[in-house]
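Raw contents of data00.pdb, PDB, C-alpha atoms and all ligand atoms:
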```
MODEL        1
ATOM      1  CA  MET R 207    -105.999  26.656 -66.563
ATOM      2  CA  LEU R 208    -108.923  24.398 -65.699
ATOM      3  CA  LEU R 209    -107.229  21.014 -65.578
ATOM      4  CA  GLU R 210    -103.565  20.164 -65.299
ATOM      5  CA  VAL R 211    -102.408  16.564 -65.323
ATOM      6  CA  LYS R 212     -98.695  16.231 -64.621
ATOM      7  CA  ASP R 213     -96.614  13.112 -65.084
ATOM      8  CA  VAL R 214     -99.274  10.677 -63.933
ATOM      9  CA  TYR R 215     -98.479   6.998 -63.437
ATOM     10  CA  LYS R 216    -100.921   4.221 -62.652
ATOM     11  CA  SER R 217    -100.437   0.501 -62.335
ATOM     12  CA  TYR R 218    -102.706  -2.387 -61.472
ATOM     13  CA  LYS R 219    -101.954  -5.741 -59.949
ATOM     14  CA  LYS R 220    -101.269  -8.241 -62.665
ATOM     15  CA  SER R 221    -103.394 -11.024 -61.244
ATOM     16  CA  PHE R 222    -106.220 -11.510 -58.778
ATOM     17  CA  ASP R 223    -103.916 -13.601 -56.588
ATOM     18  CA  ILE R 224    -103.773 -11.507 -53.415
ATOM     19  CA  MET R 225    -100.273 -12.811 -52.634
ATOM     20  CA  SER R 226     -98.932 -11.634 -55.966
ATOM     21  CA  LYS R 227     -97.245  -8.249 -55.905
ATOM     22  CA  GLU R 228     -96.539  -8.158 -59.594
ATOM     23  CA  LYS R 229     -97.920  -5.026 -61.200
ATOM     24  CA  ILE R 230     -98.542  -3.850 -64.700
ATOM     25  CA  GLU R 231     -98.079  -0.206 -65.533
ATOM     26  CA  ILE R 232    -101.042   1.205 -67.457
ATOM     27  CA  LEU R 233    -100.275   4.946 -67.462
ATOM     28  CA  LYS R 234     -96.636   5.889 -67.938
ATOM     29  CA  GLY R 235     -96.155   9.567 -67.289
ATOM     30  CA  ILE R 236     -99.205  11.286 -68.761
ATOM     31  CA  SER R 237     -99.282  15.072 -68.843
ATOM     32  CA  LEU R 238    -102.013  17.205 -70.336
ATOM     33  CA  TYR R 239    -103.893  20.421 -69.765
ATOM     34  CA  LEU R 240    -107.331  21.774 -70.488
ATOM     35  CA  LYS R 241    -108.509  25.343 -70.571
ATOM     36  CA  GLU R 242    -111.993  26.635 -69.871
ATOM     37  CA  ARG R 243    -114.586  25.832 -72.527
ATOM     38  CA  GLU R 244    -112.143  23.619 -74.351
ATOM     39  CA  CYS R 245    -112.794  20.117 -75.605
ATOM     40  CA  LEU R 246    -109.791  17.800 -75.613
ATOM     41  CA  GLY R 247    -110.119  14.566 -77.540
ATOM     42  CA  ILE R 248    -108.292  11.455 -76.405
ATOM     43  CA  ILE R 249    -108.026   8.781 -79.021
ATOM     44  CA  GLY R 250    -106.130   5.512 -78.834
ATOM     45  CA  GLU R 251    -106.397   1.800 -79.339
ATOM     46  CA  SER R 252    -108.358  -0.369 -76.956
ATOM     47  CA  GLY R 253    -106.504  -0.980 -73.698
ATOM     48  CA  SER R 254    -104.232   2.061 -74.096
ATOM     49  CA  GLY R 255    -105.412   3.473 -70.756
ATOM     50  CA  LYS R 256    -107.947   6.134 -71.780
ATOM     51  CA  SER R 257    -110.666   5.102 -69.333
ATOM     52  CA  THR R 258    -108.078   4.612 -66.605
ATOM     53  CA  LEU R 259    -106.987   8.226 -67.050
ATOM     54  CA  GLY R 260    -110.660   9.266 -67.021
ATOM     55  CA  ARG R 261    -111.207   7.490 -63.711
ATOM     56  CA  LEU R 262    -108.202   9.260 -62.190
ATOM     57  CA  ILE R 263    -109.454  12.648 -63.378
ATOM     58  CA  ILE R 264    -112.942  12.159 -61.922
ATOM     59  CA  GLY R 265    -111.282  11.003 -58.712
ATOM     60  CA  VAL R 266    -112.733   7.499 -58.338
ATOM     61  CA  GLU R 267    -109.211   6.046 -58.422
ATOM     62  CA  LYS R 268    -105.892   7.372 -57.272
ATOM     63  CA  ALA R 269    -102.754   7.877 -59.340
ATOM     64  CA  ASP R 270     -99.562   6.176 -58.097
ATOM     65  CA  ARG R 271     -97.517   9.252 -58.896
ATOM     66  CA  GLY R 272     -98.021  12.666 -60.424
ATOM     67  CA  SER R 273    -100.607  15.352 -59.852
ATOM     68  CA  ILE R 274    -104.070  16.190 -61.166
ATOM     69  CA  ALA R 275    -105.206  19.734 -60.481
ATOM     70  CA  ILE R 276    -108.564  21.401 -61.070
ATOM     71  CA  GLU R 277    -108.243  25.182 -61.047
ATOM     72  CA  GLY R 278    -104.960  24.779 -59.238
ATOM     73  CA  ALA R 279    -106.251  22.445 -56.501
ATOM     74  CA  ASP R 280    -104.662  18.989 -56.536
ATOM     75  CA  ILE R 281    -107.525  16.470 -56.398
ATOM     76  CA  THR R 282    -105.146  13.674 -55.420
ATOM     77  CA  LYS R 283    -104.411  15.485 -52.171
ATOM     78  CA  THR R 284    -107.766  16.846 -51.139
ATOM     79  CA  LYS R 285    -111.161  15.425 -50.267
ATOM     80  CA  ASN R 286    -112.797  18.792 -50.819
ATOM     81  CA  LYS R 287    -116.383  18.215 -51.950
ATOM     82  CA  ALA R 288    -116.483  21.541 -53.773
ATOM     83  CA  ILE R 289    -113.691  20.418 -56.092
ATOM     84  CA  LYS R 290    -115.325  17.068 -56.767
ATOM     85  CA  GLN R 291    -118.493  18.928 -57.657
ATOM     86  CA  LYS R 292    -116.632  20.592 -60.502
ATOM     87  CA  ILE R 293    -116.128  17.296 -62.345
ATOM     88  CA  SER R 294    -118.729  14.985 -63.853
ATOM     89  CA  VAL R 295    -118.697  11.972 -66.095
ATOM     90  CA  VAL R 296    -120.818  10.373 -68.822
ATOM     91  CA  PHE R 297    -120.108   6.790 -69.832
ATOM     92  CA  GLN R 298    -120.794   4.773 -72.934
ATOM     93  CA  ASP R 299    -123.055   2.348 -71.167
ATOM     94  CA  TYR R 300    -126.024   4.529 -70.309
ATOM     95  CA  ILE R 301    -128.139   1.519 -69.325
ATOM     96  CA  SER R 302    -125.900   0.278 -66.539
ATOM     97  CA  SER R 303    -124.993   3.766 -65.380
ATOM     98  CA  VAL R 304    -128.520   4.336 -64.079
ATOM     99  CA  ASN R 305    -130.512   2.414 -61.503
ATOM    100  CA  PRO R 306    -133.283   0.591 -63.442
ATOM    101  CA  ARG R 307    -135.656   0.978 -60.488
ATOM    102  CA  PHE R 308    -135.272   4.751 -60.403
ATOM    103  CA  GLN R 309    -137.545   7.128 -62.241
ATOM    104  CA  VAL R 310    -135.829   9.935 -64.151
ATOM    105  CA  LEU R 311    -136.656  12.303 -61.282
ATOM    106  CA  ASP R 312    -134.757  10.083 -58.837
ATOM    107  CA  ILE R 313    -131.829   9.684 -61.225
ATOM    108  CA  LEU R 314    -131.518  13.447 -61.531
ATOM    109  CA  SER R 315    -132.067  14.231 -57.873
ATOM    110  CA  GLU R 316    -129.407  11.824 -56.616
ATOM    111  CA  PRO R 317    -126.486  14.237 -57.107
ATOM    112  CA  LEU R 318    -128.630  17.138 -55.877
ATOM    113  CA  ARG R 319    -129.240  15.393 -52.583
ATOM    114  CA  THR R 320    -125.544  14.788 -52.097
ATOM    115  CA  PHE R 321    -124.504  18.349 -52.660
ATOM    116  CA  GLU R 322    -127.398  20.587 -51.681
ATOM    117  CA  ASN R 323    -130.123  20.688 -49.055
ATOM    118  CA  LEU R 324    -133.105  21.261 -51.271
ATOM    119  CA  GLU R 325    -136.797  20.813 -50.589
ATOM    120  CA  ARG R 326    -138.737  18.302 -52.662
ATOM    121  CA  LYS R 327    -140.553  20.930 -54.738
ATOM    122  CA  ASP R 328    -137.241  22.652 -55.539
ATOM    123  CA  ILE R 329    -135.710  19.317 -56.544
ATOM    124  CA  ILE R 330    -138.624  18.663 -58.912
ATOM    125  CA  GLN R 331    -138.301  22.131 -60.436
ATOM    126  CA  LYS R 332    -134.546  21.721 -60.831
ATOM    127  CA  ALA R 333    -135.071  18.321 -62.492
ATOM    128  CA  ILE R 334    -137.590  19.863 -64.926
ATOM    129  CA  ASP R 335    -135.070  22.620 -65.765
ATOM    130  CA  LEU R 336    -132.367  20.027 -66.344
ATOM    131  CA  LEU R 337    -134.587  18.001 -68.660
ATOM    132  CA  GLU R 338    -135.379  21.131 -70.621
ATOM    133  CA  LYS R 339    -131.651  21.850 -70.967
ATOM    134  CA  VAL R 340    -131.096  18.450 -72.571
ATOM    135  CA  GLY R 341    -134.155  18.717 -74.793
ATOM    136  CA  LEU R 342    -136.600  16.473 -72.918
ATOM    137  CA  ALA R 343    -140.139  17.418 -71.874
ATOM    138  CA  GLU R 344    -141.375  17.448 -68.284
ATOM    139  CA  GLU R 345    -143.397  14.260 -68.851
ATOM    140  CA  TYR R 346    -140.160  12.229 -68.866
ATOM    141  CA  LEU R 347    -139.699  12.947 -65.162
ATOM    142  CA  TYR R 348    -141.705   9.937 -64.067
ATOM    143  CA  ARG R 349    -140.465   7.429 -66.630
ATOM    144  CA  TYR R 350    -138.207   4.488 -65.857
ATOM    145  CA  PRO R 351    -135.007   3.881 -67.868
ATOM    146  CA  HIS R 352    -136.597   1.017 -69.833
ATOM    147  CA  GLU R 353    -139.294   3.420 -71.014
ATOM    148  CA  LEU R 354    -136.725   5.600 -72.787
ATOM    149  CA  SER R 355    -134.797   5.204 -76.035
ATOM    150  CA  GLY R 356    -130.995   4.995 -75.922
ATOM    151  CA  GLY R 357    -130.637   8.616 -77.022
ATOM    152  CA  GLN R 358    -133.203   9.811 -74.478
ATOM    153  CA  LEU R 359    -131.513   7.876 -71.690
ATOM    154  CA  GLN R 360    -128.120   9.281 -72.611
ATOM    155  CA  ARG R 361    -129.706  12.761 -72.480
ATOM    156  CA  VAL R 362    -130.852  11.939 -68.941
ATOM    157  CA  CYS R 363    -127.276  10.887 -68.094
ATOM    158  CA  ILE R 364    -126.002  14.188 -69.482
ATOM    159  CA  ALA R 365    -128.657  16.042 -67.454
ATOM    160  CA  ARG R 366    -127.439  14.193 -64.361
ATOM    161  CA  ALA R 367    -123.855  15.131 -65.207
ATOM    162  CA  ILE R 368    -124.703  18.843 -65.294
ATOM    163  CA  THR R 369    -126.810  18.950 -62.087
ATOM    164  CA  THR R 370    -123.906  20.242 -60.027
ATOM    165  CA  ASN R 371    -122.845  22.875 -62.597
ATOM    166  CA  PRO R 372    -119.561  21.153 -63.335
ATOM    167  CA  LYS R 373    -116.604  22.889 -64.967
ATOM    168  CA  LEU R 374    -115.423  19.669 -66.564
ATOM    169  CA  ILE R 375    -117.178  16.580 -67.900
ATOM    170  CA  VAL R 376    -115.290  13.443 -68.836
ATOM    171  CA  LEU R 377    -117.146  11.834 -71.748
ATOM    172  CA  ASP R 378    -115.910   8.268 -71.999
ATOM    173  CA  GLU R 379    -117.203   6.876 -75.307
ATOM    174  CA  ALA R 380    -120.399   8.733 -74.406
ATOM    175  CA  ILE R 381    -121.939   8.510 -77.868
ATOM    176  CA  SER R 382    -120.459   5.222 -79.062
ATOM    177  CA  SER R 383    -123.480   3.046 -78.298
ATOM    178  CA  LEU R 384    -125.912   5.314 -80.084
ATOM    179  CA  ASP R 385    -127.252   5.318 -83.601
ATOM    180  CA  VAL R 386    -125.202   7.549 -85.890
ATOM    181  CA  SER R 387    -127.948  10.132 -86.436
ATOM    182  CA  ILE R 388    -128.581  10.251 -82.674
ATOM    183  CA  GLN R 389    -124.823  10.651 -82.112
ATOM    184  CA  VAL R 390    -124.894  13.934 -84.030
ATOM    185  CA  GLN R 391    -127.847  15.169 -81.971
ATOM    186  CA  ILE R 392    -126.045  14.375 -78.728
ATOM    187  CA  LEU R 393    -122.843  16.043 -79.964
ATOM    188  CA  ASP R 394    -124.875  19.143 -80.855
ATOM    189  CA  LEU R 395    -126.394  19.092 -77.378
ATOM    190  CA  LEU R 396    -122.912  18.835 -75.832
ATOM    191  CA  ILE R 397    -121.646  21.733 -77.935
ATOM    192  CA  GLN R 398    -124.638  23.837 -76.906
ATOM    193  CA  LEU R 399    -124.199  23.025 -73.185
ATOM    194  CA  LYS R 400    -120.517  23.828 -73.422
ATOM    195  CA  LYS R 401    -121.372  27.321 -74.647
ATOM    196  CA  GLU R 402    -124.284  27.919 -72.273
ATOM    197  CA  MET R 403    -122.653  26.601 -69.121
ATOM    198  CA  ASN R 404    -118.943  27.193 -69.804
ATOM    199  CA  ILE R 405    -118.139  23.504 -69.533
ATOM    200  CA  SER R 406    -114.953  21.829 -70.751
ATOM    201  CA  TYR R 407    -114.845  18.260 -71.985
ATOM    202  CA  ILE R 408    -112.410  15.421 -72.097
ATOM    203  CA  PHE R 409    -113.798  13.442 -75.003
ATOM    204  CA  ILE R 410    -112.548   9.852 -74.997
ATOM    205  CA  THR R 411    -113.324   7.944 -78.164
ATOM    206  CA  HIS R 412    -112.237   5.614 -80.940
ATOM    207  CA  ASP R 413    -114.071   7.788 -83.389
ATOM    208  CA  LEU R 414    -112.195  10.484 -85.275
ATOM    209  CA  THR R 415    -115.280  11.755 -87.056
ATOM    210  CA  ALA R 416    -116.832  12.686 -83.734
ATOM    211  CA  ILE R 417    -113.537  14.247 -82.655
ATOM    212  CA  THR R 418    -113.449  16.551 -85.648
ATOM    213  CA  TYR R 419    -117.032  17.538 -84.876
ATOM    214  CA  ILE R 420    -116.591  18.549 -81.247
ATOM    215  CA  CYS R 421    -112.920  18.751 -80.179
ATOM    216  CA  ASP R 422    -110.484  21.663 -80.209
ATOM    217  CA  ARG R 423    -107.361  19.572 -79.648
ATOM    218  CA  VAL R 424    -106.529  15.882 -79.735
ATOM    219  CA  ILE R 425    -104.117  13.591 -77.946
ATOM    220  CA  PHE R 426    -103.129  10.236 -79.414
ATOM    221  CA  PHE R 427    -102.734   7.598 -76.725
ATOM    222  CA  LYS R 428    -100.687   4.436 -77.016
ATOM    223  CA  GLU R 429     -99.805   2.002 -74.239
ATOM    224  CA  GLY R 430    -100.253   4.604 -71.533
ATOM    225  CA  ARG R 431     -98.255   7.325 -73.217
ATOM    226  CA  THR R 432     -99.062  10.312 -75.388
ATOM    227  CA  VAL R 433     -97.505   9.665 -78.782
ATOM    228  CA  GLU R 434     -98.753  12.800 -80.495
ATOM    229  CA  GLU R 435    -100.752  15.916 -79.825
ATOM    230  CA  VAL R 436    -102.677  17.902 -82.408
ATOM    231  CA  HIS R 437    -103.194  21.493 -81.308
ATOM    232  CA  SER R 438    -105.724  22.412 -83.924
ATOM    233  CA  ILE R 439    -108.353  20.141 -85.431
ATOM    234  CA  ALA R 440    -107.570  21.575 -88.863
ATOM    235  CA  ASP R 441    -104.130  19.911 -88.594
ATOM    236  CA  LEU R 442    -105.548  16.490 -87.837
ATOM    237  CA  LYS R 443    -104.745  15.153 -91.292
ATOM    238  CA  ASN R 444    -101.089  16.194 -90.921
ATOM    239  CA  VAL R 445    -100.206  13.894 -88.015
ATOM    240  CA  LYS R 446     -96.610  12.663 -88.112
ATOM    241  CA  GLU R 447     -96.475   9.467 -86.084
ATOM    242  CA  ALA R 448     -97.194   6.169 -87.864
ATOM    243  CA  TYR R 449     -99.525   5.172 -85.007
ATOM    244  CA  SER R 450    -101.656   8.310 -85.342
ATOM    245  CA  LYS R 451    -101.740   7.886 -89.110
ATOM    246  CA  ALA R 452    -102.955   4.307 -88.711
ATOM    247  CA  LEU R 453    -105.726   5.386 -86.332
ATOM    248  CA  LEU R 454    -106.682   8.165 -88.677
ATOM    249  CA  HIS R 455    -106.748   5.782 -91.594
ATOM    250  CA  ALA R 456    -108.893   3.241 -89.733
ATOM    251  CA  ALA R 457    -111.405   5.963 -88.942
ATOM    252  CA  MET R 458    -111.623   7.219 -92.492
ATOM    253  CA  ARG R 459    -113.256   4.052 -93.734
ATOM    254  CA  MET R 460    -116.504   5.167 -92.137
ATOM    255  CA  ASN R 461    -117.462   7.224 -95.158
ATOM    256  CA  GLU R 462    -121.146   6.699 -94.830
ATOM    257  CA  LYS R 463    -121.065   8.040 -91.310
ATOM    258  CA  GLU R 464    -119.090  11.105 -92.342
ATOM    259  CA  GLU R 465    -121.757  11.866 -94.880
ATOM    260  CA  ILE R 466    -124.471  11.704 -92.239
ATOM    261  CA  TYR R 467    -122.472  14.090 -90.064
ATOM    262  CA  GLU R 468    -121.937  16.391 -93.017
ATOM    263  CA  VAL R 469    -125.627  16.506 -93.911
ATOM    264  CA  GLN R 470    -126.567  17.359 -90.315
ATOM    265  CA  ARG R 471    -123.899  20.016 -90.080
ATOM    266  CA  ILE R 472    -125.246  21.788 -93.157
ATOM    267  CA  SER R 473    -128.934  21.455 -92.289
TER
HETATM  268  N1  LIG F   1    -109.040  -2.330 -62.092
HETATM  269  C1  LIG F   1    -108.182  -2.897 -62.951
HETATM  270  N2  LIG F   1    -107.376  -3.921 -62.574
HETATM  271  C2  LIG F   1    -106.487  -4.468 -63.422
HETATM  272  N3  LIG F   1    -106.305  -4.045 -64.700
HETATM  273  C3  LIG F   1    -107.064  -3.035 -65.138
HETATM  274  C4  LIG F   1    -108.045  -2.409 -64.303
HETATM  275  N4  LIG F   1    -108.634  -1.430 -65.017
HETATM  276  C5  LIG F   1    -108.074  -1.453 -66.240
HETATM  277  N5  LIG F   1    -107.127  -2.408 -66.323
HETATM  278  C6  LIG F   1    -106.296  -2.691 -67.489
HETATM  279  O1  LIG F   1    -105.713  -1.475 -67.906
HETATM  280  C7  LIG F   1    -105.586  -1.424 -69.319
HETATM  281  C8  LIG F   1    -106.173  -0.140 -69.838
HETATM  282  O2  LIG F   1    -107.590  -0.182 -69.656
HETATM  283  P1  LIG F   1    -108.523   1.032 -70.060
HETATM  284  O3  LIG F   1    -109.902   0.627 -69.738
HETATM  285  O4  LIG F   1    -108.005   2.281 -69.443
HETATM  286  O5  LIG F   1    -108.295   1.093 -71.636
HETATM  287  P2  LIG F   1    -109.049   1.968 -72.727
HETATM  288  O6  LIG F   1    -108.018   2.722 -73.471
HETATM  289  O7  LIG F   1    -110.143   2.737 -72.093
HETATM  290  O8  LIG F   1    -109.660   0.842 -73.691
HETATM  291  P3  LIG F   1    -111.049   0.836 -74.513
HETATM  292  O9  LIG F   1    -110.803   1.700 -75.702
HETATM  293  O10 LIG F   1    -111.217  -0.594 -74.887
HETATM  294  O11 LIG F   1    -112.125   1.338 -73.621
HETATM  295  C9  LIG F   1    -106.244  -2.691 -69.845
HETATM  296  O12 LIG F   1    -105.253  -3.618 -70.170
HETATM  297  C10 LIG F   1    -107.093  -3.165 -68.674
HETATM  298  O13 LIG F   1    -107.212  -4.559 -68.680
HETATM  299 MG    MG F   2    -112.235   2.691 -72.229
ENDMDL
END
```
So, in terms of structure tokens, how does the structure I just supplied come out?
Amino acid sequence: MLLEVKDVYKSYKKSFDIMSKEKIEILKGISLYLKERECLGIIGESGSGKSTLGRLIIGVEKADRGSIAIEGADITKTKNKAIKQKISVVFQDYISSVNPRFQVLDILSEPLRTFENLERKDIIQKAIDLLEKVGLAEEYLYRYPHELSGGQLQRVCIARAITTNPKLIVLDEAISSLDVSIQVQILDLLIQLKKEMNISYIFITHDLTAITYICDRVIFFKEGRTVEEVHSIADLKNVKEAYSKALLHAAMRMNEKEEIYEVQRIS
């Protein structure tokens, strides 16, 4: 088992008043697992706690209760750098997730500097290899974020996410800000990287079309709880809960988009 989340709770303070102790519970006993090379989709209405769970899994916030283990090691109890190195993240907002004053080379070498003692020429070579992996030519190395398209910049963010050879990448609405045709390209890239590098994904989204394209299993999230789990994408249309049906229904109206996905899948 790659990832095991057991009975995780998380609450935040209700107001910014530092005297106030009132809390609001966002995650209410979440459990899930992920095997190697698997892609687990998490779908749920806005505010249901998907990104909060993502932040706990990548270790930038702590759960109040419960455990989160990567290959058996509880990340809530250890500061082990080697474990942290196994998890990466890609966010929706590719523009604000990079430093606008950094060239692509600097963006990519940031995680390398933290984890490895490499010489400059090795860093440059590694950055070139990473760009190649995400389908960008060497010439992009010295560009600034504003000199890239949204899809290109998200490729750079994916390249940055794989610098440390992670076992798991949390993709939080990672394709949502992109043009539909670019979304398919990025999904194809993610599928290819998953095969090549044995990576698993947690794919957080509002978008069921994308889920059917990339995910093996899906969890339906509502108000910090799992309301339904689909173990095989083929069964997605047979969900039982009214909430999952409603989400499914809302997603189906994007016919045009489905067609674009379909065309790309065939070609
Ligand atoms: N640091 C924080 N302090 C207080 N409340 C927070 C904090 N972070 C998130 N919340 C609240 O937790 C709830 C869940 O937020 P979260 O971002 O996890 O939802 P989400 O499912 O990712 O939504 P979306 O689909 O819109 O991205 C929201 O009501 C949000 O306001
Ligand atoms: Mg979110």
Next item on the list: Please write as number ranges by chain the full residue list that the PyMOL selection byres (((not hetatm)) within 6 of (chain F and resi 1)) yields on this file.
Entry: R: 218-219, 232, 251-258
Next item on the list: Write out as a list of chain:residue names which residues come within 10 Å of R:Leu240 when counting all atoms listed in the file, dropping same-chain ones fewer than 6 positions away.
Entry: R:Met207, R:Leu208, R:Leu209, R:Glu210, R:Val211, R:Leu246, R:Ile276, R:Leu374, R:Ser406, R:Tyr407, R:Ile408, R:Arg423
Check: If you apply the PyMOL selection byres (((chain R and resi 304-315) around 7) and not hetatm) to this file, what residues do you get, as an MDAnalysis selection string?
Finding: chainID R and resid 300:303 316:319 329 333 346:351 366
Notebook entry, point to check: Using only C-alpha atoms and all ligand atoms, which residue out of R:Gln389, R:Ser294, R:Ser273, R:Thr411 lies closest to ligand MG 2 (chain F)?
Noted result: R:Thr411
Next item on the list: Anything within 6 Å of (-113.9, 7.9, -73.0): list those residues as a PyMOL selection string, counting all atoms listed in the file and sticking to the file's coordinates.
Entry: chain R and resi 257+377-379+409-411
Check: So how far away is atom CA of R:Leu453 from atom CA of R:Asp413, in Å?
Finding: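 For atom CA of R:Asp413 relative to atom CA of R:Leu453, the distance reads 9.2 Å.
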